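The next block is model.cif, given as mmCIF, C-alpha atoms.
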data_query
loop_
_atom_site.label_atom_id
_atom_site.label_comp_id
_atom_site.auth_asym_id
_atom_site.auth_seq_id
_atom_site.Cartn_x
_atom_site.Cartn_y
_atom_site.Cartn_z
CA MET A 4 0.00 0.00 0.00
CA ILE A 5 2.89 2.34 0.74
CA ASP A 6 4.19 2.15 -2.82
CA ARG A 7 0.81 2.60 -4.51
CA TYR A 8 -0.35 5.50 -2.34
CA SER A 9 3.00 6.97 -1.31
CA ARG A 10 2.48 10.31 -3.06
CA GLN A 11 -0.99 10.59 -1.57
CA THR A 12 0.07 9.83 2.00
CA LEU A 13 2.69 12.57 1.77
CA PHE A 14 -0.14 15.07 1.41
CA HIS A 15 -0.88 16.81 4.72
CA GLY A 16 -4.63 16.38 4.39
CA ILE A 17 -4.45 12.59 4.15
CA LYS A 18 -1.24 11.03 5.49
CA GLU A 19 -1.13 7.36 6.41
CA GLU A 20 -3.96 7.67 8.91
CA GLY A 21 -6.25 9.10 6.25
CA GLN A 22 -5.21 6.42 3.78
CA LYS A 23 -6.27 3.73 6.25
CA LYS A 24 -9.64 5.44 6.62
CA LEU A 25 -10.07 5.46 2.83
CA ALA A 26 -9.25 1.76 2.68
CA GLY A 27 -11.96 1.05 5.26
CA SER A 28 -14.57 3.25 3.60
CA SER A 29 -17.29 2.67 1.03
CA ILE A 30 -19.07 4.79 -1.57
CA ALA A 31 -22.07 4.31 -3.83
CA ILE A 32 -21.83 6.15 -7.15
CA ILE A 33 -25.28 6.66 -8.67
CA GLY A 34 -24.96 7.26 -12.40
CA CYS A 35 -21.88 6.52 -14.50
CA GLY A 36 -21.80 9.15 -17.19
CA ALA A 37 -19.13 11.83 -17.43
CA LEU A 38 -19.21 12.77 -13.74
CA GLY A 39 -19.56 9.18 -12.59
CA THR A 40 -16.58 7.97 -14.61
CA VAL A 41 -14.39 10.79 -13.29
CA THR A 42 -15.29 10.19 -9.65
CA ALA A 43 -15.14 6.41 -10.03
CA THR A 44 -11.64 6.33 -11.47
CA THR A 45 -10.33 9.06 -9.15
CA LEU A 46 -11.64 7.43 -5.98
CA ALA A 47 -10.65 3.90 -7.04
CA ARG A 48 -7.11 5.13 -7.67
CA ALA A 49 -7.22 6.92 -4.30
CA GLY A 50 -7.83 3.58 -2.58
CA VAL A 51 -11.43 3.80 -1.37
CA GLY A 52 -12.00 0.27 -0.12
CA ARG A 53 -15.43 -0.46 -1.55
CA ILE A 54 -17.09 1.15 -4.56
CA ARG A 55 -20.56 0.36 -5.89
CA ILE A 56 -21.46 1.83 -9.29
CA VAL A 57 -25.14 1.89 -10.28
CA ASP A 58 -26.28 2.87 -13.78
CA ARG A 59 -29.15 1.88 -16.08
CA ASP A 60 -27.62 2.82 -19.41
CA PHE A 61 -25.45 1.42 -22.20
CA ILE A 62 -22.42 3.10 -23.80
CA GLU A 63 -22.79 5.07 -27.04
CA TYR A 64 -20.09 6.54 -29.27
CA HIS A 65 -20.90 10.12 -28.31
CA ASN A 66 -20.15 9.19 -24.67
CA LEU A 67 -16.47 8.60 -25.43
CA GLN A 68 -15.78 12.32 -25.83
CA ARG A 69 -16.08 12.86 -22.07
CA GLN A 70 -16.75 9.57 -20.23
CA VAL A 71 -13.18 8.76 -19.45
CA ILE A 72 -13.12 5.04 -18.63
CA PHE A 73 -15.02 3.64 -21.61
CA THR A 74 -13.59 2.43 -24.93
CA GLU A 75 -14.79 1.56 -28.42
CA ASP A 76 -14.44 -2.12 -27.50
CA ASP A 77 -16.99 -1.65 -24.71
CA ILE A 78 -19.48 -0.43 -27.32
CA LYS A 79 -18.74 -3.32 -29.66
CA GLU A 80 -19.39 -5.72 -26.77
CA GLN A 81 -22.61 -3.83 -25.95
CA LEU A 82 -21.63 -3.53 -22.31
CA PRO A 83 -23.77 -1.63 -19.80
CA LYS A 84 -21.92 1.30 -18.28
CA ALA A 85 -21.88 -0.18 -14.78
CA VAL A 86 -20.37 -3.45 -16.03
CA ALA A 87 -17.75 -1.76 -18.21
CA ALA A 88 -16.80 0.61 -15.39
CA ALA A 89 -16.35 -2.19 -12.87
CA ARG A 90 -14.32 -4.25 -15.34
CA TYR A 91 -12.01 -1.32 -16.09
CA LEU A 92 -11.51 -0.26 -12.47
CA LYS A 93 -10.68 -3.79 -11.33
CA LYS A 94 -7.70 -3.60 -13.69
CA VAL A 95 -6.75 -0.21 -12.24
CA ASN A 96 -6.87 -1.29 -8.60
CA SER A 97 -7.24 -4.98 -7.80
CA GLY A 98 -6.84 -4.30 -4.08
CA ILE A 99 -10.31 -2.81 -3.56
CA ASP A 100 -13.85 -4.15 -3.90
CA ILE A 101 -15.62 -2.82 -7.00
CA GLU A 102 -19.18 -3.72 -7.94
CA GLY A 103 -21.20 -2.68 -10.98
CA ILE A 104 -24.99 -2.89 -10.80
CA VAL A 105 -27.21 -2.38 -13.84
CA ALA A 106 -30.37 -0.83 -12.42
CA ASP A 107 -32.76 2.06 -12.77
CA VAL A 108 -32.60 3.86 -9.42
CA ASN A 109 -36.08 4.65 -8.14
CA TYR A 110 -38.10 4.98 -4.96
CA SER A 111 -38.48 1.20 -4.61
CA ASN A 112 -34.79 0.24 -4.70
CA ILE A 113 -32.67 3.22 -3.67
CA GLU A 114 -32.59 2.34 0.02
CA ARG A 115 -31.35 -1.16 -0.75
CA LEU A 116 -28.73 0.17 -3.16
CA VAL A 117 -27.13 2.69 -0.78
CA SER A 118 -27.70 1.25 2.71
CA GLY A 119 -24.47 0.68 4.59
CA PHE A 120 -22.34 2.98 2.45
CA ASP A 121 -20.43 5.91 3.91
CA VAL A 122 -20.99 8.45 1.11
CA ILE A 123 -23.27 8.68 -1.93
CA VAL A 124 -21.79 10.26 -5.07
CA ASP A 125 -24.06 11.87 -7.65
CA GLY A 126 -23.21 11.09 -11.27
CA LEU A 127 -26.74 11.60 -12.59
CA ASP A 128 -28.33 13.44 -15.48
CA ASN A 129 -31.75 14.18 -14.00
CA LEU A 130 -33.20 16.09 -11.06
CA GLU A 131 -35.84 13.62 -9.98
CA THR A 132 -33.35 10.94 -8.93
CA ARG A 133 -31.27 13.57 -7.15
CA PHE A 134 -34.27 14.37 -4.97
CA LEU A 135 -34.54 10.66 -4.22
CA ILE A 136 -30.87 10.64 -3.21
CA ASN A 137 -31.49 13.65 -1.01
CA ASP A 138 -34.42 11.93 0.71
CA ILE A 139 -32.51 8.71 1.38
CA SER A 140 -29.47 10.71 2.50
CA GLN A 141 -31.56 12.47 5.13
CA LYS A 142 -33.41 9.30 6.15
CA LEU A 143 -30.28 7.13 6.56
CA HIS A 144 -27.93 10.00 7.58
CA ILE A 145 -25.54 9.30 4.71
CA PRO A 146 -23.66 12.32 3.27
CA TRP A 147 -23.82 12.83 -0.47
CA VAL A 148 -22.04 15.01 -3.00
CA TYR A 149 -24.15 16.56 -5.76
CA GLY A 150 -22.60 17.41 -9.11
CA GLY A 151 -23.85 18.61 -12.47
CA ALA A 152 -22.18 19.75 -15.69
CA ILE A 153 -23.44 21.05 -19.01
CA SER A 154 -21.99 23.14 -21.82
CA ALA A 155 -18.86 24.65 -20.21
CA TYR A 156 -20.03 25.02 -16.63
CA GLY A 157 -21.10 22.98 -13.65
CA MET A 158 -22.04 22.96 -9.98
CA LEU A 159 -21.42 20.86 -6.92
CA MET A 160 -22.72 20.76 -3.38
CA THR A 161 -21.88 18.64 -0.37
CA VAL A 162 -24.84 17.58 1.77
CA VAL A 163 -24.17 16.28 5.28
CA PRO A 164 -27.42 15.56 7.14
CA GLY A 165 -27.70 17.65 10.29
CA LYS A 166 -24.67 19.79 9.43
CA THR A 167 -25.47 21.41 6.08
CA PRO A 168 -28.60 22.48 4.20
CA CYS A 169 -29.92 19.74 1.95
CA PHE A 170 -30.73 19.76 -1.76
CA ARG A 171 -34.38 20.61 -1.14
CA CYS A 172 -33.33 23.66 0.85
CA VAL A 173 -32.02 24.94 -2.49
CA SER A 174 -34.59 23.58 -4.94
CA ASP A 175 -37.97 22.46 -3.66
CA HIS A 176 -38.87 19.93 -6.37
CA PRO A 177 -38.71 19.49 -10.15
CA SER A 178 -41.63 21.25 -11.79
CA GLY A 179 -42.04 18.93 -14.75
CA PRO A 180 -40.22 19.05 -18.08
CA SER A 181 -37.96 21.94 -18.92
CA VAL A 182 -37.16 23.98 -22.00
CA GLY A 183 -33.72 24.65 -20.52
CA LEU A 184 -30.43 23.10 -21.45
CA THR A 185 -29.49 19.43 -21.59
CA CYS A 186 -26.26 17.87 -22.82
CA ASP A 187 -28.15 16.50 -25.80
CA THR A 188 -29.31 19.94 -26.94
CA ALA A 189 -26.71 22.39 -25.57
CA GLY A 190 -23.72 20.07 -25.70
CA VAL A 191 -20.91 19.76 -23.19
CA ILE A 192 -17.14 20.05 -23.43
CA ALA A 193 -15.19 17.40 -21.55
CA PRO A 194 -13.29 19.77 -19.21
CA ALA A 195 -16.55 20.78 -17.49
CA PRO A 196 -17.42 17.34 -16.04
CA LEU A 197 -13.72 16.57 -15.57
CA VAL A 198 -13.33 19.61 -13.30
CA VAL A 199 -16.63 19.13 -11.46
CA GLY A 200 -16.01 15.40 -11.00
CA SER A 201 -12.54 16.09 -9.66
CA LEU A 202 -13.91 18.59 -7.14
CA GLN A 203 -16.60 16.08 -6.13
CA SER A 204 -13.82 13.55 -5.49
CA VAL A 205 -12.02 15.99 -3.23
CA GLU A 206 -15.19 16.43 -1.20
CA VAL A 207 -15.66 12.66 -0.92
CA ILE A 208 -12.07 12.18 0.26
CA LYS A 209 -12.56 14.86 2.91
CA LEU A 210 -15.73 13.20 4.16
CA LEU A 211 -14.19 9.73 4.27
CA THR A 212 -11.05 10.85 6.09
CA GLY A 213 -13.01 12.82 8.68
CA ASN A 214 -11.92 16.25 7.47
CA ASN A 215 -14.60 18.79 8.38
CA ASP A 216 -13.25 21.34 5.92
CA PHE A 217 -15.68 20.19 3.21
CA GLN A 218 -17.36 22.80 1.05
CA ARG A 219 -20.49 24.39 2.48
CA GLY A 220 -22.84 25.89 -0.06
CA ILE A 221 -22.84 25.58 -3.84
CA THR A 222 -19.71 25.86 -5.95
CA TYR A 223 -20.25 27.14 -9.50
CA VAL A 224 -17.53 26.57 -12.12
CA ASP A 225 -17.22 27.98 -15.64
CA VAL A 226 -14.24 26.33 -17.34
CA TRP A 227 -14.53 28.39 -20.54
CA ASN A 228 -14.31 31.75 -18.76
CA TYR A 229 -12.04 30.55 -15.93
CA SER A 230 -14.34 31.40 -13.05
CA LEU A 231 -15.23 29.69 -9.79
CA HIS A 232 -17.74 31.04 -7.27
CA ASN A 233 -18.96 29.75 -3.92
CA LEU A 234 -22.56 30.59 -3.12
CA LYS A 235 -23.85 30.49 0.44
CA VAL A 236 -26.85 28.25 1.12
CA ASN A 237 -29.08 28.51 4.19
CA PHE A 238 -31.34 25.96 5.84
CA ARG A 239 -34.89 26.44 4.63
CA PRO A 240 -37.22 26.47 7.67
CA ASP A 241 -40.01 24.64 5.83
CA CYS A 242 -37.80 22.08 4.06
CA PRO A 243 -39.68 18.75 4.16
CA ALA A 244 -36.59 16.53 3.91
CA CYS A 245 -34.78 18.26 6.77
CA HIS A 246 -37.89 17.67 8.90
CA GLY A 247 -38.22 13.97 8.11
CA ARG A 248 -40.81 14.11 5.32
CA TYR A 249 -39.41 12.13 2.42
CA GLU A 250 -41.88 13.00 -0.31
CA PHE A 251 -39.91 11.56 -3.22
CA LEU A 252 -39.40 8.25 -1.45
CA GLU A 253 -43.15 8.28 -0.78
CA ARG A 254 -43.87 9.11 -4.47
CA LYS A 255 -45.68 12.35 -3.65
CA PHE A 256 -43.66 14.05 -6.38
CA GLY A 257 -41.95 12.94 -9.54
CA SER A 258 -42.95 11.20 -12.73
CA ARG A 259 -45.29 8.26 -13.18
CA THR A 260 -44.89 5.66 -15.91
CA THR A 261 -47.58 3.52 -17.49
CA SER A 262 -47.08 0.89 -20.18
CA LEU A 263 -49.77 1.34 -22.84
CA CYS A 264 -51.22 -2.08 -23.54
CA GLY A 265 -50.83 -3.24 -27.14
CA GLN A 266 -49.12 -0.04 -28.27
CA ASN A 267 -45.42 -0.74 -27.51
CA ALA A 268 -45.31 2.63 -25.78
CA VAL A 269 -44.91 4.11 -22.30
CA GLN A 270 -46.70 7.18 -20.97
CA ILE A 271 -44.94 9.44 -18.47
CA THR A 272 -46.82 11.99 -16.40
CA ASN A 273 -45.79 14.34 -13.61
CA SER A 274 -47.54 14.55 -10.27
CA ASP A 275 -47.09 18.33 -10.36
CA PRO A 276 -47.76 19.30 -14.00
CA LYS A 277 -46.73 22.75 -15.15
CA PRO A 278 -47.52 24.43 -18.50
CA LEU A 279 -44.93 23.72 -21.16
CA SER A 280 -44.19 25.96 -24.14
CA LEU A 281 -44.31 23.68 -27.16
CA PRO A 282 -42.77 26.32 -29.50
CA ASP A 283 -39.78 26.73 -27.18
CA LEU A 284 -39.43 22.97 -26.83
CA ALA A 285 -39.66 22.55 -30.61
CA GLN A 286 -36.82 25.04 -31.11
CA ARG A 287 -34.60 23.15 -28.69
CA LEU A 288 -35.40 19.61 -29.86
CA GLY A 289 -35.17 20.61 -33.52
CA LYS A 290 -31.38 20.64 -33.10
CA VAL A 291 -31.24 16.88 -32.53
CA GLY A 292 -34.24 15.41 -34.33
CA SER A 293 -37.35 15.97 -36.43
CA VAL A 294 -40.11 18.03 -34.80
CA LYS A 295 -43.71 18.73 -35.73
CA TYR A 296 -46.16 20.44 -33.42
CA ASN A 297 -49.42 22.29 -33.07
CA GLU A 298 -51.18 23.84 -30.08
CA PHE A 299 -52.19 20.41 -28.79
CA MET A 300 -49.06 18.26 -29.02
CA LEU A 301 -45.47 17.99 -30.23
CA ASN A 302 -44.11 14.99 -32.14
CA PHE A 303 -40.36 14.43 -31.82
CA SER A 304 -38.56 11.74 -33.87
CA PHE A 305 -34.94 10.79 -33.11
CA ASP A 306 -32.67 7.74 -33.45
CA HIS A 307 -35.51 5.40 -34.50
CA GLN A 308 -37.56 6.57 -31.50
CA GLU A 309 -40.61 8.77 -31.32
CA MET A 310 -41.95 10.90 -28.49
CA VAL A 311 -45.24 12.77 -28.27
CA VAL A 312 -45.26 15.63 -25.74
CA PHE A 313 -48.32 17.47 -24.46
CA PRO A 314 -48.56 21.01 -23.03
CA ASP A 315 -48.97 19.67 -19.47
CA GLY A 316 -45.63 17.84 -19.72
CA ARG A 317 -47.15 14.43 -20.26
CA ALA A 318 -45.26 12.39 -22.85
CA ILE A 319 -45.72 9.12 -24.70
CA ILE A 320 -42.50 7.39 -25.69
CA LYS A 321 -43.15 5.05 -28.59
CA ASN A 322 -41.31 1.93 -29.80
CA THR A 323 -40.51 0.70 -26.31
CA SER A 324 -42.35 -1.06 -23.51
CA ASP A 325 -39.43 -0.68 -21.11
CA GLU A 326 -40.37 1.92 -18.50
CA SER A 327 -36.71 2.42 -17.52
CA VAL A 328 -35.78 3.22 -21.13
CA ALA A 329 -38.74 5.60 -21.39
CA ARG A 330 -37.75 7.47 -18.23
CA GLY A 331 -34.20 7.77 -19.51
CA LEU A 332 -35.34 9.27 -22.82
CA TYR A 333 -37.71 11.63 -21.02
CA ALA A 334 -34.90 12.88 -18.77
CA LYS A 335 -32.46 13.06 -21.66
CA TYR A 336 -34.56 15.26 -23.91
CA LEU A 337 -37.00 17.04 -21.60
CA GLY A 338 -34.46 17.64 -18.86
CA ALA A 339 -36.42 16.75 -15.70
#

In C-alpha cells, write the structure found in this file.
Amino acid sequence: MIDRYSRQTLFHGIKEEGQKKLAGSSIAIIGCGALGTVTATTLARAGVGRIRIVDRDFIEYHNLQRQVIFTEDDIKEQLPKAVAAARYLKKVNSGIDIEGIVADVNYSNIERLVSGFDVIVDGLDNLETRFLINDISQKLHIPWVYGGAISAYGMLMTVVPGKTPCFRCVSDHPSGPSVGLTCDTAGVIAPAPLVVGSLQSVEVIKLLTGNNDFQRGITYVDVWNYSLHNLKVNFRPDCPACHGRYEFLERKFGSRTTSLCGQNAVQITNSDPKPLSLPDLAQRLGKVGSVKYNEFMLNFSFDHQEMVVFPDGRAIIKNTSDESVARGLYAKYLGA
C-alpha cells in the first residue's frame, strides 16, 4: 500500500492515517456518465476500499468524448456502463472491492442500493433521482455530493445531514419538463465534467477521512471563462426533507410511468404538472431530431424513437415497452 499511495500519503490532508480510513470506507456512485466515470476512477485510484457503481444505461459513441473510462471495445461488446466501469476499475486497482450494478434507481430500490455505504456520489443526469438521493441521505444519515455539468459550466454541493442544508433547501422539487439546457441539446465540453467530477472527489475524500473542511454551499464553475464562485446556502425552515418528510421516497412528487397495452409505448406523467411551451421545446429539440407540433401536441422523432409531448408535460414514448428506457429518454430530452 505504501508504494501505490506513497504520493498521496505525503499530502498533509491525508497522510497514512487518512489512507487507512479510505481503505476502510465505502461509496455508492449513482450514475456513470461523465461525472460518474471521473469520480469512479479518481476514488478507485485513491484507494477507497469499496465502490458500488449503479447505472441503467449502455455506452454510445458520443459518450467517449467525455466519459473517461469507456472504450470503443466496450461499445462493440454492448456492455452496460456499470459493467464496463467495474471491469475497467478492477484492472486499475485490484486491491479494492468494486461492484457494478445495472439498475434504474427509483423509490423502490434506492434504500437497498445505498444502505451501509459511507458516502453517496451523484453522477446523474436528472433532477428527480437527485431528490430521491437527497431523501434517502436524510433518512439514513448518509452524506452525499451533488454534481452537475453542461456546456462549459457545472455545480457541486456537499450535503451532510444535520450539518449542512440539503438539496431541497435549495430547490424544492422538479416542476415537470424543462425547456432549458441538456447535454443533448446544448452540448458539453469534456473539461466541465472533468473539473466538477474532480472537485466532487475531493469532497468525498474529505468526508471519508473525517476532514470537516468540506465545502459548504454551492460551488459554480465555468471552465470556458475561468471562473469559480462559492454561493452560500441557508437551511430552509419549511424544508420537508430536513424535517423527516421524504416526499420523493413516498412518491408524492416525480414522474409516473404507465405501459400502454398493445401499443409498444410508455406514458410518463408528472404529479405536479406545469404548463410547457411547445414552441420553445420545438426550437430546442429541432437541433437533434425531427419536430412537428401544433397547439395540442409535439411529435419528436430521433434515433428510430418517437416521443409525443403534451402542453402539461405528459409524454408518450413510442417503440418501447421498457419503463426504464422511457424514463431515460424523457430525462435526456426534456431535462427533468

Write out as a tab-separated table the residues of region 45-147 of chain A that have any atom within 10 Å of an atom of region 315-332 of chain A, one row each with the nearest atom pair and its distance in Å to one decimal, counting all atoms listed in the file, sorted by chain and then rising number.
residue	atom	partner	partner_atom	distance
A:Arg59	CA	A:Ser327	CA	7.7
A:Asp60	CA	A:Gly331	CA	8.2
A:Ala106	CA	A:Ser327	CA	8.8
A:Asp107	CA	A:Ser327	CA	6.2
A:Val108	CA	A:Ser327	CA	9.2
A:Asn109	CA	A:Ser327	CA	9.7
A:Asp128	CA	A:Gly331	CA	9.1
A:Asn129	CA	A:Gly331	CA	8.8

Review point. Which residues match the PyMOL selection byres ((chain A and resi 195-202) around 7) in the file above, as an MDAnalysis selection string?
Key: chainID A and resid 37:38 41:42 150 152 155:159 192:194 203:206 226

Evaluating the PyMOL selection byres ((chain A and resi 293) around 9) on the displayed file yields which residues, as a PDB file with C-alpha atoms, in the frame of the given file?
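expr25.pdb written:
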ATOM      1  CA  LEU A 288     -35.400  19.610 -29.860  1.00  0.00           C
ATOM      2  CA  GLY A 289     -35.170  20.610 -33.520  1.00  0.00           C
ATOM      3  CA  LYS A 290     -31.380  20.640 -33.100  1.00  0.00           C
ATOM      4  CA  VAL A 291     -31.240  16.880 -32.530  1.00  0.00           C
ATOM      5  CA  GLY A 292     -34.240  15.410 -34.330  1.00  0.00           C
ATOM      6  CA  VAL A 294     -40.110  18.030 -34.800  1.00  0.00           C
ATOM      7  CA  LYS A 295     -43.710  18.730 -35.730  1.00  0.00           C
ATOM      8  CA  ASN A 302     -44.110  14.990 -32.140  1.00  0.00           C
ATOM      9  CA  PHE A 303     -40.360  14.430 -31.820  1.00  0.00           C
ATOM     10  CA  SER A 304     -38.560  11.740 -33.870  1.00  0.00           C
ATOM     11  CA  PHE A 305     -34.940  10.790 -33.110  1.00  0.00           C
TER      12      PHE A 305
END

Please work out which residues fall within 8 Å of (-20.0, 7.5, -11.8), coordinates as given in the file, with all atoms listed in the file counting, and return them as a PDB file with C-alpha atoms, keeping the file's coordinate frame.
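Contents of the output file result06.pdb:
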ATOM      1  CA  ILE A  32     -21.830   6.150  -7.150  1.00  0.00           C
ATOM      2  CA  ILE A  33     -25.280   6.660  -8.670  1.00  0.00           C
ATOM      3  CA  GLY A  34     -24.960   7.260 -12.400  1.00  0.00           C
ATOM      4  CA  CYS A  35     -21.880   6.520 -14.500  1.00  0.00           C
ATOM      5  CA  GLY A  36     -21.800   9.150 -17.190  1.00  0.00           C
ATOM      6  CA  ALA A  37     -19.130  11.830 -17.430  1.00  0.00           C
ATOM      7  CA  LEU A  38     -19.210  12.770 -13.740  1.00  0.00           C
ATOM      8  CA  GLY A  39     -19.560   9.180 -12.590  1.00  0.00           C
ATOM      9  CA  THR A  40     -16.580   7.970 -14.610  1.00  0.00           C
ATOM     10  CA  VAL A  41     -14.390  10.790 -13.290  1.00  0.00           C
ATOM     11  CA  THR A  42     -15.290  10.190  -9.650  1.00  0.00           C
ATOM     12  CA  ALA A  43     -15.140   6.410 -10.030  1.00  0.00           C
ATOM     13  CA  ILE A  56     -21.460   1.830  -9.290  1.00  0.00           C
ATOM     14  CA  VAL A  57     -25.140   1.890 -10.280  1.00  0.00           C
ATOM     15  CA  VAL A 124     -21.790  10.260  -5.070  1.00  0.00           C
ATOM     16  CA  ASP A 125     -24.060  11.870  -7.650  1.00  0.00           C
ATOM     17  CA  GLY A 126     -23.210  11.090 -11.270  1.00  0.00           C
ATOM     18  CA  LEU A 127     -26.740  11.600 -12.590  1.00  0.00           C
TER      19      LEU A 127
END

Exercise for review: Apply the PyMOL selection byres ((chain A and resi 234) around 6) to the file shown and report the selected residues as a PyMOL selection string.
Suggested key: chain A and resi 220-221+233+235

Practice item. Using all atoms listed in the file, find the one residue out of A:Gly338, A:Lys166, A:Gly50, A:Arg10 that sits nearest to Gln22 (chain A). Key: A:Gly50

Study note, to complete from the structure: One decimal place gives the CA of Phe238 (chain A)-CA of Leu135 (chain A) separation as 18.6 Å

Review point. Which of these residues is nearest to Lys209 (chain A), using all atoms listed in the file: A:Ile271, A:Val148, A:Leu82, A:Ile62?
Key: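 Among the listed residues, the smallest separation from Lys209 (chain A) belongs to A:Val148.
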
Practice item. Could you give me, as a PyMOL selection string, the residues within 12 Å of Glu298 (chain A), counting only C-alpha atoms and dropping anything in the same chain fewer than 2 positions from it? Key: chain A and resi 279-282+285+295-296+300-302+312-315

Point to revise | Point-to-point distance in Å for CA of Val207 (chain A) and CA of Ile17 (chain A) | key: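 Interatomic distance, CA of Ile17 (chain A) to CA of Val207 (chain A): 12.3 Å.
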
Practice item. Measure the distance from CA of His307 (chain A) to CA of Gly103 (chain A) in Å and round it to one decimal. Key: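 Distance between the two atoms: 28.7 Å.
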
**Study point:** Exercise: residues within 12 Å of coordinate (-42.8, 9.2, -0.6), counting all atoms listed in the file, as a ChimeraX atom specification
**Key:** /A:109-111,134-135,138-139,142,243-244,247-257

Point to revise | Among the residues A:Pro146, A:Gly21, A:Gly213, A:Pro278, the one that comes closest to Phe120 (chain A) [using only C-alpha atoms] | key: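 Among the listed residues, the smallest separation from Phe120 (chain A) belongs to A:Pro146.
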
Check your understanding: Which one is closest to Cys245 (chain A): A:Trp227, A:Phe217, A:Phe170, A:Trp147? Count only C-alpha atoms.
Key ->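 Comparing A:Trp227, A:Phe217, A:Phe170, A:Trp147 against Cys245 (chain A), the winner is A:Phe170.
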
Study note, to complete from the structure: If you count all atoms listed in the file, the residue of A:Glu131, A:Ile54, A:Cys172, A:Gln68 closest to Val117 (chain A) turns out to be A:Ile54
